[in-house]
Amino acid sequence: QLQLVESGGGLVQPGGSLRLSCAGSGFTLAYYNIGWFRQAPGKEREGVACISSSDSSTYYPDSVKGRFTIFRDNTKNTVYLQMNSLKPEDTAVYYCTAERALNARSMCIMTWGAYWGQGTQVTVSS
């Protein structure tokens with residue numbers, strides 16, 4: 001059974017940091033492009049970070065560029081999202097996704113993934 005399991009969400013004050021983890025079960029994440037998407041109530045789904053399987057190239061939208069970093073640890077079959085300088089508008093449910101057909105940039109822009117995790121809530125509030 002192929003599963004993605006996210007962890008690391010929670011409540012953080014504005015300006016703070018969180019690191020989300022996405023662990024793969026039943027398949028090897030190194031062979032997949034991995035994306036972190038978010039969904040806030042009343043807002044469209046947004047791809048906030050995607051990483052390629054081939055060369056670990058990354059894509060970020062302007063809304064998070066310079067604040068978020070996606071990276072892999074293939075020894076742990078895990079992909080991370082480091083989020084710094086968090087803002088209240090970053091509040092959302094964050095999902096990890098895996099995809100092979102689309103490249104990382106297209107995956108993020110289209111917010112498309114073949115496999116999805118269950119999501120983890122991130123709340124940025126004072």
# chains A, B, ... in the order shown; residues from 1 in each chain; ligands from 1
>>> select_by_dssp(residues="chain A", states="strand (DSSP E or B)", output="ChimeraX atom specification")
/A:3-7,10-12,18-25,33-39,46-51,58-59,68-73,78-83,92-99,115-116,120-124
>>> closest_atom_pairs(of="region 37-65 of chain A", to="region 118-126 of chain A", cutoff="12 Å", atoms="only C-alpha atoms", output="Markdown table")
| residue | atom | partner | partner_atom | distance |
| --- | --- | --- | --- | --- |
| A:Phe37 | CA | A:Gly119 | CA | 9.2 |
| A:Arg38 | CA | A:Gly119 | CA | 8.6 |
| A:Gln39 | CA | A:Gly119 | CA | 9.5 |
| A:Ala40 | CA | A:Gln121 | CA | 9.6 |
| A:Pro41 | CA | A:Gln121 | CA | 11.7 |
>>> write_last_selection(atoms="all heavy atoms", output="PDB file, in the first residue's frame")
ATOM      1  N   PHE A  37       1.577  21.124  -1.144  1.00  0.00           N
ATOM      2  CA  PHE A  37       0.467  22.000  -1.514  1.00  0.00           C
ATOM      3  C   PHE A  37      -0.228  22.442  -0.223  1.00  0.00           C
ATOM      4  O   PHE A  37      -0.151  21.745   0.793  1.00  0.00           O
ATOM      5  CB  PHE A  37      -0.548  21.264  -2.391  1.00  0.00           C
ATOM      6  CG  PHE A  37       0.028  20.707  -3.668  1.00  0.00           C
ATOM      7  CD1 PHE A  37      -0.678  19.745  -4.372  1.00  0.00           C
ATOM      8  CD2 PHE A  37       1.244  21.140  -4.183  1.00  0.00           C
ATOM      9  CE1 PHE A  37      -0.180  19.217  -5.554  1.00  0.00           C
ATOM     10  CE2 PHE A  37       1.757  20.620  -5.359  1.00  0.00           C
ATOM     11  CZ  PHE A  37       1.040  19.653  -6.047  1.00  0.00           C
ATOM     12  N   ARG A  38      -0.952  23.556  -0.307  1.00  0.00           N
ATOM     13  CA  ARG A  38      -1.716  23.979   0.854  1.00  0.00           C
ATOM     14  C   ARG A  38      -3.109  24.415   0.443  1.00  0.00           C
ATOM     15  O   ARG A  38      -3.331  24.870  -0.676  1.00  0.00           O
ATOM     16  CB  ARG A  38      -1.005  25.094   1.612  1.00  0.00           C
ATOM     17  CG  ARG A  38      -0.892  26.426   0.879  1.00  0.00           C
ATOM     18  CD  ARG A  38      -0.055  27.404   1.696  1.00  0.00           C
ATOM     19  NE  ARG A  38       0.096  28.704   1.035  1.00  0.00           N
ATOM     20  CZ  ARG A  38       0.898  29.665   1.446  1.00  0.00           C
ATOM     21  NH1 ARG A  38       1.639  29.493   2.553  1.00  0.00           N
ATOM     22  NH2 ARG A  38       0.983  30.809   0.795  1.00  0.00           N
ATOM     23  N   GLN A  39      -4.026  24.291   1.378  1.00  0.00           N
ATOM     24  CA  GLN A  39      -5.422  24.661   1.140  1.00  0.00           C
ATOM     25  C   GLN A  39      -5.934  25.369   2.377  1.00  0.00           C
ATOM     26  O   GLN A  39      -5.953  24.787   3.467  1.00  0.00           O
ATOM     27  CB  GLN A  39      -6.259  23.405   0.870  1.00  0.00           C
ATOM     28  CG  GLN A  39      -7.724  23.712   0.595  1.00  0.00           C
ATOM     29  CD  GLN A  39      -8.006  23.991  -0.850  1.00  0.00           C
ATOM     30  OE1 GLN A  39      -7.755  23.162  -1.707  1.00  0.00           O
ATOM     31  NE2 GLN A  39      -8.561  25.153  -1.133  1.00  0.00           N
ATOM     32  N   ALA A  40      -6.324  26.607   2.189  1.00  0.00           N
ATOM     33  CA  ALA A  40      -6.927  27.378   3.280  1.00  0.00           C
ATOM     34  C   ALA A  40      -8.407  27.540   2.997  1.00  0.00           C
ATOM     35  O   ALA A  40      -8.828  27.555   1.832  1.00  0.00           O
ATOM     36  CB  ALA A  40      -6.250  28.745   3.394  1.00  0.00           C
ATOM     37  N   PRO A  41      -9.230  27.663   4.041  1.00  0.00           N
ATOM     38  CA  PRO A  41     -10.680  27.816   3.837  1.00  0.00           C
ATOM     39  C   PRO A  41     -10.989  29.011   2.937  1.00  0.00           C
ATOM     40  O   PRO A  41     -10.476  30.108   3.150  1.00  0.00           O
ATOM     41  CB  PRO A  41     -11.213  28.041   5.259  1.00  0.00           C
ATOM     42  CG  PRO A  41     -10.205  27.403   6.133  1.00  0.00           C
ATOM     43  CD  PRO A  41      -8.886  27.608   5.465  1.00  0.00           C
TER      44      PRO A  41
END
>>> closest_residue(among="A:Val12, A:Leu29, A:Ala23, A:Val64", to="Ile51 (chain A)", atoms="only C-alpha atoms")
A:Leu29
>>> atom_distance(atom1="CA of Val93 (chain A)", atom2="CA of Trp116 (chain A)")
12.5 Å
>>> atom_distance(atom1="CA of Ser54 (chain A)", atom2="CA of Ser21 (chain A)")
20.3 Å
>>> closest_residue(among="A:Asn103, A:Thr97, A:Ile34, A:Arg45", to="Phe71 (chain A)", atoms="only C-alpha atoms")
A:Ile34
>>> select_by_dssp(residues="chain A", states="alpha helix (DSSP H)", output="PyMOL selection string")
chain A and resi 104-110
>>> closest_residue(among="A:Ile109, A:Ala92, A:Val5, A:Leu20", to="Ile70 (chain A)", atoms="only C-alpha atoms")
A:Leu20
>>> residues_around(residues="Ala101 (chain A)", least_positions_apart="6", cutoff="10 Å", atoms="only C-alpha atoms", output="list in words")
Tyr32, Asn33, Met107, Trp112, Gly113 and Ala114 of chain A
>>> closest_residue(among="A:Leu86, A:Cys22, A:Cys108, A:Ala30", to="Tyr60 (chain A)", atoms="only C-alpha atoms")
A:Cys108
